[in-house]
>>> print(open('run24.cif').read())   # mmCIF, C-alpha atoms
data_model
loop_
_atom_site.group_PDB
_atom_site.id
_atom_site.type_symbol
_atom_site.label_atom_id
_atom_site.label_comp_id
_atom_site.auth_asym_id
_atom_site.auth_seq_id
_atom_site.Cartn_x
_atom_site.Cartn_y
_atom_site.Cartn_z
ATOM 1 C CA MET M 1 0.000 0.000 0.000
ATOM 2 C CA THR M 2 1.170 3.522 -0.665
ATOM 3 C CA GLY M 3 -0.149 7.003 -0.054
ATOM 4 C CA ILE M 4 1.483 8.373 -3.223
ATOM 5 C CA ALA M 5 -0.679 8.689 -6.338
ATOM 6 C CA GLU M 6 0.400 6.165 -8.945
ATOM 7 C CA SER M 7 -0.360 5.511 -12.570
ATOM 8 C CA GLN M 8 -2.344 2.675 -14.082
ATOM 9 C CA ALA M 9 0.871 1.082 -15.333
ATOM 10 C CA GLU M 10 2.578 1.252 -11.930
ATOM 11 C CA VAL M 11 -0.187 -0.443 -9.941
ATOM 12 C CA PHE M 12 -0.733 -3.205 -12.506
ATOM 13 C CA PHE M 13 2.967 -3.939 -12.982
ATOM 14 C CA ARG M 14 3.402 -4.159 -9.198
ATOM 15 C CA LEU M 15 0.659 -6.751 -8.895
ATOM 16 C CA ALA M 16 2.114 -8.604 -11.890
ATOM 17 C CA ARG M 17 5.393 -8.973 -9.989
ATOM 18 C CA GLN M 18 3.543 -10.215 -6.901
ATOM 19 C CA CYS M 19 1.662 -12.775 -9.012
ATOM 20 C CA GLU M 20 4.776 -14.187 -10.693
ATOM 21 C CA GLY M 21 5.260 -17.814 -9.716
ATOM 22 C CA ARG M 22 1.909 -17.834 -7.908
ATOM 23 C CA SER M 23 -0.722 -16.988 -10.541
ATOM 24 C CA PRO M 24 0.428 -17.061 -14.174
ATOM 25 C CA LEU M 25 -3.066 -16.034 -15.314
ATOM 26 C CA TYR M 26 -3.201 -12.881 -13.187
ATOM 27 C CA ALA M 27 0.460 -11.996 -13.813
ATOM 28 C CA GLY M 28 -0.158 -12.057 -17.560
ATOM 29 C CA LEU M 29 -3.395 -10.105 -17.329
ATOM 30 C CA CYS M 30 -1.815 -7.412 -15.168
ATOM 31 C CA ARG M 31 0.927 -6.875 -17.717
ATOM 32 C CA ARG M 32 -1.703 -6.591 -20.465
ATOM 33 C CA PHE M 33 -3.873 -4.215 -18.446
ATOM 34 C CA ALA M 34 -0.995 -1.879 -17.562
ATOM 35 C CA ASP M 35 -1.474 0.234 -20.697
ATOM 36 C CA ASP M 36 -4.900 -0.928 -21.893
ATOM 37 C CA PRO M 37 -7.218 2.046 -22.612
ATOM 38 C CA ALA M 38 -10.276 -0.180 -22.050
ATOM 39 C CA VAL M 39 -9.050 -0.743 -18.501
ATOM 40 C CA GLY M 40 -8.420 2.980 -18.119
ATOM 41 C CA ALA M 41 -12.088 3.576 -18.951
ATOM 42 C CA ILE M 42 -13.115 1.268 -16.087
ATOM 43 C CA ILE M 43 -10.838 2.137 -13.176
ATOM 44 C CA THR M 44 -10.901 5.294 -11.107
ATOM 45 C CA SER M 45 -8.242 7.915 -11.674
ATOM 46 C CA PRO M 46 -5.793 7.894 -10.059
ATOM 47 C CA PRO M 47 -5.913 4.158 -9.288
ATOM 48 C CA SER M 48 -5.229 2.861 -5.781
ATOM 49 C CA TRP M 49 -2.970 -0.021 -4.792
ATOM 50 C CA ASP M 50 -5.882 -2.505 -4.815
ATOM 51 C CA THR M 51 -7.467 -1.356 -8.103
ATOM 52 C CA PRO M 52 -5.931 -4.258 -10.079
ATOM 53 C CA LEU M 53 -7.280 -6.757 -7.545
ATOM 54 C CA ARG M 54 -10.761 -5.220 -7.703
ATOM 55 C CA LEU M 55 -10.799 -5.466 -11.493
ATOM 56 C CA LEU M 56 -9.563 -9.059 -11.504
ATOM 57 C CA ASN M 57 -12.106 -9.941 -8.821
ATOM 58 C CA GLY M 58 -14.861 -8.409 -10.941
ATOM 59 C CA LEU M 59 -13.764 -10.395 -13.982
ATOM 60 C CA HIS M 60 -13.653 -13.576 -11.906
ATOM 61 C CA TYR M 61 -17.189 -12.831 -10.687
ATOM 62 C CA LEU M 62 -18.348 -12.629 -14.307
ATOM 63 C CA VAL M 63 -16.592 -15.905 -15.154
ATOM 64 C CA LEU M 64 -18.125 -17.673 -12.163
ATOM 65 C CA THR M 65 -21.595 -16.525 -13.270
ATOM 66 C CA ASP M 66 -20.978 -17.654 -16.881
ATOM 67 C CA ARG M 67 -21.090 -14.134 -18.275
ATOM 68 C CA ALA M 68 -17.449 -14.112 -19.378
ATOM 69 C CA ASN M 69 -14.472 -16.405 -19.851
ATOM 70 C CA TRP M 70 -10.733 -16.002 -19.439
ATOM 71 C CA ASN M 71 -10.111 -16.714 -23.140
ATOM 72 C CA ASP M 72 -11.858 -13.510 -24.204
ATOM 73 C CA VAL M 73 -11.131 -10.899 -21.562
ATOM 74 C CA ASP M 74 -11.170 -8.062 -24.103
ATOM 75 C CA ASP M 75 -14.811 -8.819 -24.887
ATOM 76 C CA ALA M 76 -15.668 -8.826 -21.158
ATOM 77 C CA LEU M 77 -13.995 -5.438 -20.660
ATOM 78 C CA GLY M 78 -16.211 -3.957 -23.359
ATOM 79 C CA GLU M 79 -19.501 -5.798 -22.902
ATOM 80 C CA HIS M 80 -19.498 -5.543 -19.099
ATOM 81 C CA ARG M 81 -17.764 -2.200 -18.695
ATOM 82 C CA GLU M 82 -20.475 -0.648 -16.524
ATOM 83 C CA PHE M 83 -20.642 -3.664 -14.211
ATOM 84 C CA LEU M 84 -16.856 -3.705 -13.844
ATOM 85 C CA ARG M 85 -16.765 0.045 -13.253
ATOM 86 C CA ARG M 86 -19.231 -0.302 -10.350
ATOM 87 C CA PHE M 87 -17.445 -3.374 -8.984
ATOM 88 C CA VAL M 88 -14.060 -1.630 -8.969
ATOM 89 C CA ALA M 89 -15.508 1.518 -7.409
ATOM 90 C CA GLU M 90 -17.693 -0.113 -4.751
ATOM 91 C CA GLN M 91 -16.490 -3.626 -3.906
ATOM 92 C CA THR M 92 -13.617 -3.737 -1.437
ATOM 93 C CA VAL M 93 -11.218 -6.665 -1.459
ATOM 94 C CA GLN M 94 -12.465 -9.274 1.031
ATOM 95 C CA THR M 95 -10.071 -12.218 0.839
ATOM 96 C CA ASN M 96 -10.953 -14.574 3.697
ATOM 97 C CA GLU M 97 -7.803 -16.736 3.443
ATOM 98 C CA VAL M 98 -8.587 -19.870 5.436
ATOM 99 C CA GLN M 99 -5.032 -21.231 4.978
ATOM 100 C CA ARG M 100 -4.017 -18.638 7.567
ATOM 101 C CA CYS M 101 -5.649 -20.858 10.194
ATOM 102 C CA TRP M 102 -2.708 -23.237 9.756
ATOM 103 C CA MET M 103 -0.319 -20.504 10.991
ATOM 104 C CA LEU M 104 -2.755 -19.182 13.595
ATOM 105 C CA LEU M 105 -3.540 -22.497 15.285
ATOM 106 C CA PRO M 106 -0.125 -22.909 16.996
ATOM 107 C CA CYS M 107 -0.477 -19.353 18.338
ATOM 108 C CA PHE M 108 -3.911 -20.137 19.808
ATOM 109 C CA LEU M 109 -2.621 -23.376 21.326
ATOM 110 C CA GLU M 110 0.426 -21.616 22.767
ATOM 111 C CA VAL M 111 -1.976 -19.281 24.568
ATOM 112 C CA ALA M 112 -3.688 -22.316 26.106
ATOM 113 C CA ARG M 113 -0.325 -23.847 27.074
ATOM 114 C CA ARG M 114 0.922 -20.698 28.769
ATOM 115 C CA THR M 115 -2.270 -19.733 30.558
ATOM 116 C CA GLY M 116 -3.750 -23.138 31.332
ATOM 117 C CA ALA M 117 -7.084 -21.901 29.943
ATOM 118 C CA THR M 118 -9.408 -24.632 28.698
ATOM 119 C CA VAL M 119 -12.217 -22.361 27.438
ATOM 120 C CA PHE M 120 -11.822 -19.516 24.924
ATOM 121 C CA ASP M 121 -14.148 -16.698 23.910
ATOM 122 C CA LEU M 122 -13.007 -15.568 20.448
ATOM 123 C CA ILE M 123 -13.028 -12.102 18.873
ATOM 124 C CA GLU M 124 -11.561 -11.544 15.406
ATOM 125 C CA LEU M 125 -10.956 -8.039 14.085
ATOM 126 C CA GLY M 126 -11.675 -7.841 10.362
ATOM 127 C CA PRO M 127 -13.000 -11.392 9.884
ATOM 128 C CA SER M 128 -14.592 -10.847 6.446
ATOM 129 C CA ALA M 129 -16.961 -13.850 6.339
ATOM 130 C CA GLY M 130 -15.656 -15.363 9.576
ATOM 131 C CA LEU M 131 -14.100 -18.509 8.107
ATOM 132 C CA ASN M 132 -11.122 -18.210 10.449
ATOM 133 C CA LEU M 133 -13.417 -17.904 13.469
ATOM 134 C CA VAL M 134 -14.311 -21.590 13.152
ATOM 135 C CA TRP M 135 -10.655 -22.729 13.146
ATOM 136 C CA ASP M 136 -11.326 -25.506 15.673
ATOM 137 C CA GLN M 137 -13.608 -27.243 13.160
ATOM 138 C CA TYR M 138 -10.737 -27.893 10.729
ATOM 139 C CA ARG M 139 -8.086 -30.640 10.723
ATOM 140 C CA TYR M 140 -4.385 -29.653 10.786
ATOM 141 C CA ARG M 141 -1.236 -31.547 9.908
ATOM 142 C CA TYR M 142 2.244 -30.725 11.284
ATOM 143 C CA GLY M 143 5.480 -32.666 11.542
ATOM 144 C CA ALA M 144 4.874 -33.538 15.218
ATOM 145 C CA GLY M 145 1.291 -34.657 14.678
ATOM 146 C CA THR M 146 -2.241 -33.673 13.781
ATOM 147 C CA TRP M 147 -4.845 -31.530 15.512
ATOM 148 C CA GLY M 148 -8.598 -31.223 15.102
ATOM 149 C CA PRO M 149 -11.540 -33.517 14.355
ATOM 150 C CA SER M 150 -10.673 -36.501 12.160
ATOM 151 C CA GLY M 151 -13.903 -36.108 10.201
ATOM 152 C CA ALA M 152 -13.389 -32.421 9.398
ATOM 153 C CA ARG M 153 -14.484 -31.169 5.983
ATOM 154 C CA LEU M 154 -11.188 -29.300 5.581
ATOM 155 C CA GLU M 155 -7.610 -30.366 6.339
ATOM 156 C CA LEU M 156 -4.777 -27.814 6.262
ATOM 157 C CA SER M 157 -1.018 -28.295 6.035
ATOM 158 C CA GLY M 158 2.028 -26.268 5.032
ATOM 159 C CA GLU M 159 5.793 -25.933 5.295
ATOM 160 C CA GLU M 160 7.366 -25.881 8.769
ATOM 161 C CA ARG M 161 10.655 -23.997 8.569
ATOM 162 C CA ARG M 162 11.033 -24.551 12.290
ATOM 163 C CA PRO M 163 8.769 -27.248 13.768
ATOM 164 C CA ILE M 164 5.793 -26.798 16.061
ATOM 165 C CA PRO M 165 6.556 -28.545 19.397
ATOM 166 C CA ILE M 166 4.383 -31.510 20.315
ATOM 167 C CA GLU M 167 3.520 -29.925 23.683
ATOM 168 C CA VAL M 168 1.804 -27.100 21.793
ATOM 169 C CA LEU M 169 -0.275 -29.499 19.695
ATOM 170 C CA GLU M 170 -1.380 -31.356 22.844
ATOM 171 C CA GLN M 171 -3.530 -28.407 23.962
ATOM 172 C CA LEU M 172 -7.303 -28.831 23.485
ATOM 173 C CA PRO M 173 -9.108 -25.571 24.306
ATOM 174 C CA ARG M 174 -12.900 -25.493 23.931
ATOM 175 C CA ILE M 175 -14.531 -22.560 22.134
ATOM 176 C CA ARG M 176 -17.547 -21.041 23.880
ATOM 177 C CA SER M 177 -18.285 -18.019 21.690
ATOM 178 C CA ARG M 178 -17.141 -16.580 18.364
ATOM 179 C CA THR M 179 -17.546 -12.923 17.399
ATOM 180 C CA GLY M 180 -16.136 -10.926 14.505
ATOM 181 C CA ILE M 181 -16.152 -7.174 13.833
ATOM 182 C CA ASP M 182 -15.934 -6.017 10.218
ATOM 183 C CA ILE M 183 -16.799 -2.797 8.442
ATOM 184 C CA ASN M 184 -18.480 -4.823 5.681
ATOM 185 C CA PRO M 185 -18.844 -8.499 6.633
ATOM 186 C CA ILE M 186 -19.830 -11.099 4.055
ATOM 187 C CA ASP M 187 -22.601 -13.584 4.752
ATOM 188 C CA ALA M 188 -21.081 -16.876 3.622
ATOM 189 C CA THR M 189 -24.321 -18.694 4.444
ATOM 190 C CA SER M 190 -25.880 -16.986 1.398
ATOM 191 C CA GLU M 191 -25.143 -17.936 -2.209
ATOM 192 C CA GLU M 192 -24.262 -14.327 -3.080
ATOM 193 C CA GLY M 193 -21.819 -14.136 -0.193
ATOM 194 C CA ALA M 194 -20.166 -17.417 -1.175
ATOM 195 C CA LEU M 195 -19.944 -16.212 -4.783
ATOM 196 C CA LEU M 196 -18.236 -12.993 -3.690
ATOM 197 C CA LEU M 197 -15.695 -14.935 -1.633
ATOM 198 C CA ARG M 198 -14.907 -17.194 -4.590
ATOM 199 C CA SER M 199 -14.437 -14.186 -6.872
ATOM 200 C CA PHE M 200 -11.716 -12.824 -4.557
ATOM 201 C CA VAL M 201 -9.604 -16.002 -4.970
ATOM 202 C CA TRP M 202 -7.068 -15.885 -7.804
ATOM 203 C CA ALA M 203 -8.830 -17.872 -10.499
ATOM 204 C CA ASP M 204 -6.025 -20.276 -11.451
ATOM 205 C CA GLN M 205 -5.314 -21.232 -7.814
ATOM 206 C CA THR M 206 -7.885 -24.018 -7.879
ATOM 207 C CA TRP M 207 -6.663 -25.533 -4.590
ATOM 208 C CA ARG M 208 -7.595 -22.302 -2.802
ATOM 209 C CA LEU M 209 -11.076 -22.428 -4.319
ATOM 210 C CA GLU M 210 -11.465 -26.018 -3.089
ATOM 211 C CA GLN M 211 -10.303 -25.039 0.404
ATOM 212 C CA LEU M 212 -12.719 -22.116 0.403
ATOM 213 C CA ASP M 213 -15.697 -24.294 -0.504
ATOM 214 C CA ARG M 214 -14.855 -26.753 2.290
ATOM 215 C CA ALA M 215 -14.447 -23.903 4.780
ATOM 216 C CA ILE M 216 -17.802 -22.400 3.783
ATOM 217 C CA ALA M 217 -19.477 -25.764 4.373
ATOM 218 C CA SER M 218 -17.913 -25.920 7.846
ATOM 219 C CA LEU M 219 -18.992 -22.400 8.724
ATOM 220 C CA ARG M 220 -22.563 -22.993 7.610
ATOM 221 C CA ALA M 221 -22.858 -25.784 10.179
ATOM 222 C CA ASP M 222 -22.204 -23.311 13.025
ATOM 223 C CA PRO M 223 -21.948 -19.673 11.852
ATOM 224 C CA PRO M 224 -20.160 -17.179 14.121
ATOM 225 C CA GLU M 225 -21.645 -13.841 15.121
ATOM 226 C CA LEU M 226 -20.490 -11.061 12.784
ATOM 227 C CA MET M 227 -20.923 -7.444 13.852
ATOM 228 C CA GLN M 228 -20.910 -4.730 11.184
ATOM 229 C CA GLY M 229 -19.236 -1.450 11.993
ATOM 230 C CA ASP M 230 -16.086 0.370 13.040
ATOM 231 C CA LEU M 231 -14.032 -1.994 15.177
ATOM 232 C CA ALA M 232 -12.500 0.908 17.125
ATOM 233 C CA GLU M 233 -16.033 1.803 18.257
ATOM 234 C CA LEU M 234 -17.513 -1.683 18.686
ATOM 235 C CA LEU M 235 -14.595 -3.416 20.409
ATOM 236 C CA PRO M 236 -14.587 -1.468 23.743
ATOM 237 C CA PRO M 237 -18.224 -2.201 24.702
ATOM 238 C CA LEU M 238 -17.824 -5.799 23.516
ATOM 239 C CA LEU M 239 -14.838 -6.219 25.827
ATOM 240 C CA ASP M 240 -16.686 -4.499 28.675
ATOM 241 C CA ALA M 241 -19.505 -7.048 28.387
ATOM 242 C CA ARG M 242 -17.292 -10.141 28.156
ATOM 243 C CA PRO M 243 -17.658 -12.862 30.794
ATOM 244 C CA ALA M 244 -15.070 -13.024 33.546
ATOM 245 C CA ASP M 245 -14.906 -16.808 33.792
ATOM 246 C CA SER M 246 -12.953 -17.546 30.599
ATOM 247 C CA LEU M 247 -10.060 -16.241 28.547
ATOM 248 C CA THR M 248 -10.903 -13.864 25.703
ATOM 249 C CA VAL M 249 -8.643 -14.382 22.671
ATOM 250 C CA ILE M 250 -8.546 -11.504 20.168
ATOM 251 C CA TRP M 251 -6.639 -11.523 16.892
ATOM 252 C CA GLN M 252 -6.160 -9.744 13.597
ATOM 253 C CA THR M 253 -4.082 -10.610 10.554
ATOM 254 C CA ALA M 254 -4.104 -7.413 8.502
ATOM 255 C CA VAL M 255 -6.993 -5.111 9.318
ATOM 256 C CA LEU M 256 -5.276 -2.609 11.636
ATOM 257 C CA ALA M 257 -2.951 -1.542 8.834
ATOM 258 C CA TYR M 258 -6.032 -0.039 7.150
ATOM 259 C CA LEU M 259 -6.853 2.170 10.144
ATOM 260 C CA PRO M 260 -5.336 5.602 10.804
ATOM 261 C CA GLU M 261 -3.026 5.775 13.807
ATOM 262 C CA GLU M 262 -5.577 7.464 16.059
ATOM 263 C CA ARG M 263 -8.074 4.629 15.445
ATOM 264 C CA GLN M 264 -5.391 2.022 16.088
ATOM 265 C CA LYS M 265 -4.656 3.727 19.403
ATOM 266 C CA LEU M 266 -8.310 3.379 20.419
ATOM 267 C CA VAL M 267 -8.062 -0.383 19.800
ATOM 268 C CA PHE M 268 -4.854 -0.760 21.820
ATOM 269 C CA ASP M 269 -6.254 1.352 24.659
ATOM 270 C CA ALA M 270 -9.356 -0.874 24.766
ATOM 271 C CA LEU M 271 -7.175 -3.996 24.919
ATOM 272 C CA ARG M 272 -5.062 -2.580 27.741
ATOM 273 C CA ARG M 273 -8.102 -1.596 29.812
ATOM 274 C CA ALA M 274 -9.731 -4.984 29.252
ATOM 275 C CA GLY M 275 -6.502 -6.736 30.232
ATOM 276 C CA GLU M 276 -6.541 -4.889 33.532
ATOM 277 C CA ARG M 277 -10.032 -6.270 34.274
ATOM 278 C CA GLY M 278 -9.527 -9.929 33.368
ATOM 279 C CA PRO M 279 -7.623 -12.554 31.366
ATOM 280 C CA LEU M 280 -6.992 -11.557 27.782
ATOM 281 C CA ALA M 281 -4.788 -12.665 24.879
ATOM 282 C CA TYR M 282 -4.098 -10.607 21.762
ATOM 283 C CA ILE M 283 -2.472 -12.133 18.665
ATOM 284 C CA ALA M 284 -1.461 -9.956 15.719
ATOM 285 C CA ALA M 285 0.193 -10.438 12.364
ATOM 286 C CA THR M 286 2.543 -7.517 11.957
ATOM 287 C CA THR M 287 5.964 -6.462 10.692
ATOM 288 C CA PRO M 288 8.541 -8.932 12.058
ATOM 289 C CA SER M 289 11.389 -7.860 14.304
ATOM 290 C CA ASP M 290 13.858 -7.813 11.395
ATOM 291 C CA GLY M 291 11.690 -5.284 9.550
ATOM 292 C CA SER M 292 11.042 -7.570 6.575
ATOM 293 C CA GLU M 293 8.197 -6.620 4.242
ATOM 294 C CA THR M 294 7.968 -10.103 2.708
ATOM 295 C CA TYR M 295 6.292 -11.979 5.589
ATOM 296 C CA TYR M 296 4.471 -11.470 8.896
ATOM 297 C CA GLY M 297 5.672 -11.736 12.454
ATOM 298 C CA MET M 298 3.058 -13.258 14.779
ATOM 299 C CA ARG M 299 3.060 -11.413 18.107
ATOM 300 C CA LEU M 300 1.360 -12.300 21.364
ATOM 301 C CA GLN M 301 0.350 -10.140 24.315
ATOM 302 C CA LEU M 302 -1.072 -11.671 27.494
ATOM 303 C CA TRP M 303 -2.908 -10.188 30.462
ATOM 304 C CA PRO M 304 -2.961 -10.272 33.521
ATOM 305 C CA ALA M 305 0.724 -10.576 32.707
ATOM 306 C CA ASP M 306 2.464 -7.343 31.760
ATOM 307 C CA GLY M 307 1.051 -7.242 28.218
ATOM 308 C CA ARG M 308 4.565 -7.385 26.813
ATOM 309 C CA ARG M 309 4.679 -8.168 23.095
ATOM 310 C CA GLU M 310 6.439 -11.404 22.240
ATOM 311 C CA GLU M 311 7.076 -12.789 18.780
ATOM 312 C CA LEU M 312 5.858 -16.363 18.404
ATOM 313 C CA ALA M 313 6.578 -17.067 14.736
ATOM 314 C CA ASN M 314 7.450 -15.762 11.313
ATOM 315 C CA VAL M 315 4.848 -16.740 8.726
ATOM 316 C CA ASP M 316 3.936 -16.439 5.084
ATOM 317 C CA PHE M 317 1.314 -13.749 4.426
ATOM 318 C CA HIS M 318 -1.275 -16.367 3.419
ATOM 319 C CA GLY M 319 -0.125 -19.169 5.736
ATOM 320 C CA ALA M 320 1.918 -21.303 3.322
ATOM 321 C CA TRP M 321 4.815 -21.637 5.804
ATOM 322 C CA ILE M 322 5.666 -21.029 9.447
ATOM 323 C CA GLU M 323 8.923 -20.621 11.359
ATOM 324 C CA TRP M 324 8.099 -21.249 15.006
ATOM 325 C CA LEU M 325 9.953 -19.038 17.507
ATOM 326 C CA GLY M 326 7.833 -19.532 20.620
#
>>> encode(input="run24.cif", output="structure tokens")
Amino acid sequence: MTGIAESQAEVFFRLARQCEGRSPLYAGLCRRFADDPAVGAIITSPPSWDTPLRLLNGLHYLVLTDRANWNDVDDALGEHREFLRRFVAEQTVQTNEVQRCWMLLPCFLEVARRTGATVFDLIELGPSAGLNLVWDQYRYRYGAGTWGPSGARLELSGEERRPIPIEVLEQLPRIRSRTGIDINPIDATSEEGALLLRSFVWADQTWRLEQLDRAIASLRADPPELMQGDLAELLPPLLDARPADSLTVIWQTAVLAYLPEERQKLVFDALRRAGERGPLAYIAATTPSDGSETYYGMRLQLWPADGRREELANVDFHGAWIEWLG
């Protein structure tokens, strides 16, 4: 993300570089769109960092609804120009990446190991559709063993660059409540919501689409509570009303980066005050201690301890790998 106005070519070429080796389809399209006047007639001027993603998501939406195909994108840009213009202008990127649960699970279990808590109340900041709020309903595979129900609809695995200890995987916390706060949550129990989520997945990453469909089926069996609104406003009263007989676990993977500093401060102040009143754990994906911009550092804060931030792991942005540090 950048606060400097950029050209159509700059934003599309940047996404093309990010797609290289991960999505040949989107990498090629971004290079084509960089100087395409038909694209210029669709996007806002000046474009923002996520404009290319919004356009590709809109095209994928059309493909999924059989109104376009990837072999004739030029026709789609012309025939569906007004739809794409509205989609790019109005539809924010809502990628609910369920693979991130594979990197989050060890962090949740480490909280249980350190605190001895057997019951969690969950709050996710920026949950999109809430697929990561039902993380205990998935099956996980690590070098030291597996975790989760054997009959789960979805099984997740990845690359361990430093292994997860077996004593972490032995923890079995029970989830009592699940709440998410999002400025524009998606209802994955509806067909339109599921369609939107699919459109946000890069179209040639078919394994991600399969994971998404399995995660949606799991969520529909026991949907979490999703609150719509400004998390800086909704989080404090939610924390004030939380029960005192269990540990509240709060986490976010990217959303705070979208908030101005004064709104972020409101969130951190609410966490600190809540930690003074009762047990609380906060897990955040943020810039790692080495300052790298190519992966996340997973940090943990615990109360009634001193709330000191501790780095538990380095992880891939979308959960493909984890280097355990805890």
>>> residues_around(input="run24.cif", residues="Tyr138 in chain M", least_positions_apart="3", cutoff="6 Å", atoms="all atoms listed in the file", output="number ranges by chain")
M: 135, 148, 152, 154-155
>>> closest_residue(input="run24.cif", among="M:Asn96, M:Arg67, M:Asp222, M:Arg81", to="Gln137 in chain M", atoms="only C-alpha atoms")
M:Asp222
>>> residues_around(input="run24.cif", residues="Ile166 in chain M", least_positions_apart="3", cutoff="9 Å", atoms="all atoms listed in the file", output="list of chain:residue names")
M:Gly143, M:Ala144, M:Gly145, M:Pro163, M:Leu169, M:Glu170
>>> closest_residue(input="run24.cif", among="M:Leu109, M:Ala215, M:Leu271, M:Ala38", to="Leu235 in chain M", atoms="all atoms listed in the file")
M:Leu271
>>> resolve_selection(input="run24.cif", expression="the PyMOL selection byres ((chain M and resi 89-91) around 8)", output="compact mmCIF listing (two decimals) with C-alpha atoms, in the coordinates of the input")
# COMPACT_ATOMS: atom_id res chain seq x y z
CA ILE M 43 -10.84 2.14 -13.18
CA THR M 44 -10.90 5.29 -11.11
CA ARG M 54 -10.76 -5.22 -7.70
CA ARG M 85 -16.76 0.04 -13.25
CA ARG M 86 -19.23 -0.30 -10.35
CA PHE M 87 -17.44 -3.37 -8.98
CA VAL M 88 -14.06 -1.63 -8.97
CA THR M 92 -13.62 -3.74 -1.44
CA VAL M 93 -11.22 -6.66 -1.46
>>> atom_distance(input="run24.cif", atom1="CA of Val11 in chain M", atom2="CA of Pro52 in chain M")
6.9 Å
>>> closest_atom_pairs(input="run24.cif", of="range 19-104 of chain M", to="range 201-207 of chain M", cutoff="10 Å", atoms="only C-alpha atoms", output="JSON lines")
{"residue": "M:Cys19", "atom": "CA", "partner": "M:Trp202", "partner_atom": "CA", "distance": 9.3}
{"residue": "M:Arg22", "atom": "CA", "partner": "M:Gln205", "partner_atom": "CA", "distance": 8.0}
{"residue": "M:Ser23", "atom": "CA", "partner": "M:Asp204", "partner_atom": "CA", "distance": 6.3}
{"residue": "M:Pro24", "atom": "CA", "partner": "M:Asp204", "partner_atom": "CA", "distance": 7.7}
{"residue": "M:Leu25", "atom": "CA", "partner": "M:Asp204", "partner_atom": "CA", "distance": 6.5}
{"residue": "M:Tyr26", "atom": "CA", "partner": "M:Trp202", "partner_atom": "CA", "distance": 7.3}
{"residue": "M:Leu53", "atom": "CA", "partner": "M:Trp202", "partner_atom": "CA", "distance": 9.1}
{"residue": "M:Leu56", "atom": "CA", "partner": "M:Trp202", "partner_atom": "CA", "distance": 8.2}
{"residue": "M:Asn57", "atom": "CA", "partner": "M:Val201", "partner_atom": "CA", "distance": 7.6}
{"residue": "M:Leu59", "atom": "CA", "partner": "M:Ala203", "partner_atom": "CA", "distance": 9.6}
{"residue": "M:His60", "atom": "CA", "partner": "M:Ala203", "partner_atom": "CA", "distance": 6.6}
{"residue": "M:Tyr61", "atom": "CA", "partner": "M:Ala203", "partner_atom": "CA", "distance": 9.8}
{"residue": "M:Val63", "atom": "CA", "partner": "M:Ala203", "partner_atom": "CA", "distance": 9.3}
{"residue": "M:Leu64", "atom": "CA", "partner": "M:Ala203", "partner_atom": "CA", "distance": 9.4}
{"residue": "M:Trp70", "atom": "CA", "partner": "M:Ala203", "partner_atom": "CA", "distance": 9.3}
{"residue": "M:Gln94", "atom": "CA", "partner": "M:Val201", "partner_atom": "CA", "distance": 9.5}
{"residue": "M:Thr95", "atom": "CA", "partner": "M:Val201", "partner_atom": "CA", "distance": 6.9}
{"residue": "M:Asn96", "atom": "CA", "partner": "M:Val201", "partner_atom": "CA", "distance": 8.9}
{"residue": "M:Glu97", "atom": "CA", "partner": "M:Val201", "partner_atom": "CA", "distance": 8.6}
>>> closest_residue(input="run24.cif", among="M:Cys101, M:Val255, M:Leu280, M:Leu195", to="Pro127 in chain M", atoms="all atoms listed in the file")
M:Val255
>>> build_atoms(input="run24.cif", residues="range 245-254 of chain M", atoms="N, CA and C atoms", output="PDB file, in the frame of the given file")
ATOM      1  N   ASP M 245     -15.294 -15.456  33.413  1.00  0.00           N
ATOM      2  CA  ASP M 245     -14.906 -16.808  33.792  1.00  0.00           C
ATOM      3  C   ASP M 245     -14.186 -17.575  32.690  1.00  0.00           C
ATOM      4  N   SER M 246     -13.728 -16.876  31.641  1.00  0.00           N
ATOM      5  CA  SER M 246     -12.953 -17.546  30.599  1.00  0.00           C
ATOM      6  C   SER M 246     -11.986 -16.552  29.978  1.00  0.00           C
ATOM      7  N   LEU M 247     -11.053 -17.072  29.207  1.00  0.00           N
ATOM      8  CA  LEU M 247     -10.060 -16.241  28.547  1.00  0.00           C
ATOM      9  C   LEU M 247     -10.610 -15.735  27.216  1.00  0.00           C
ATOM     10  N   THR M 248     -10.528 -14.442  26.991  1.00  0.00           N
ATOM     11  CA  THR M 248     -10.903 -13.864  25.703  1.00  0.00           C
ATOM     12  C   THR M 248      -9.660 -13.794  24.821  1.00  0.00           C
ATOM     13  N   VAL M 249      -9.746 -14.379  23.626  1.00  0.00           N
ATOM     14  CA  VAL M 249      -8.643 -14.382  22.671  1.00  0.00           C
ATOM     15  C   VAL M 249      -9.044 -13.517  21.490  1.00  0.00           C
ATOM     16  N   ILE M 250      -8.280 -12.459  21.246  1.00  0.00           N
ATOM     17  CA  ILE M 250      -8.546 -11.504  20.168  1.00  0.00           C
ATOM     18  C   ILE M 250      -7.401 -11.601  19.168  1.00  0.00           C
ATOM     19  N   TRP M 251      -7.724 -11.511  17.880  1.00  0.00           N
ATOM     20  CA  TRP M 251      -6.639 -11.523  16.892  1.00  0.00           C
ATOM     21  C   TRP M 251      -7.027 -10.746  15.641  1.00  0.00           C
ATOM     22  N   GLN M 252      -5.989 -10.381  14.907  1.00  0.00           N
ATOM     23  CA  GLN M 252      -6.160  -9.744  13.597  1.00  0.00           C
ATOM     24  C   GLN M 252      -4.944 -10.098  12.749  1.00  0.00           C
ATOM     25  N   THR M 253      -5.177 -10.248  11.448  1.00  0.00           N
ATOM     26  CA  THR M 253      -4.082 -10.610  10.554  1.00  0.00           C
ATOM     27  C   THR M 253      -3.675  -9.491   9.611  1.00  0.00           C
ATOM     28  N   ALA M 254      -4.510  -8.499   9.400  1.00  0.00           N
ATOM     29  CA  ALA M 254      -4.104  -7.413   8.502  1.00  0.00           C
ATOM     30  C   ALA M 254      -4.895  -6.138   8.702  1.00  0.00           C
TER      31      ALA M 254
END
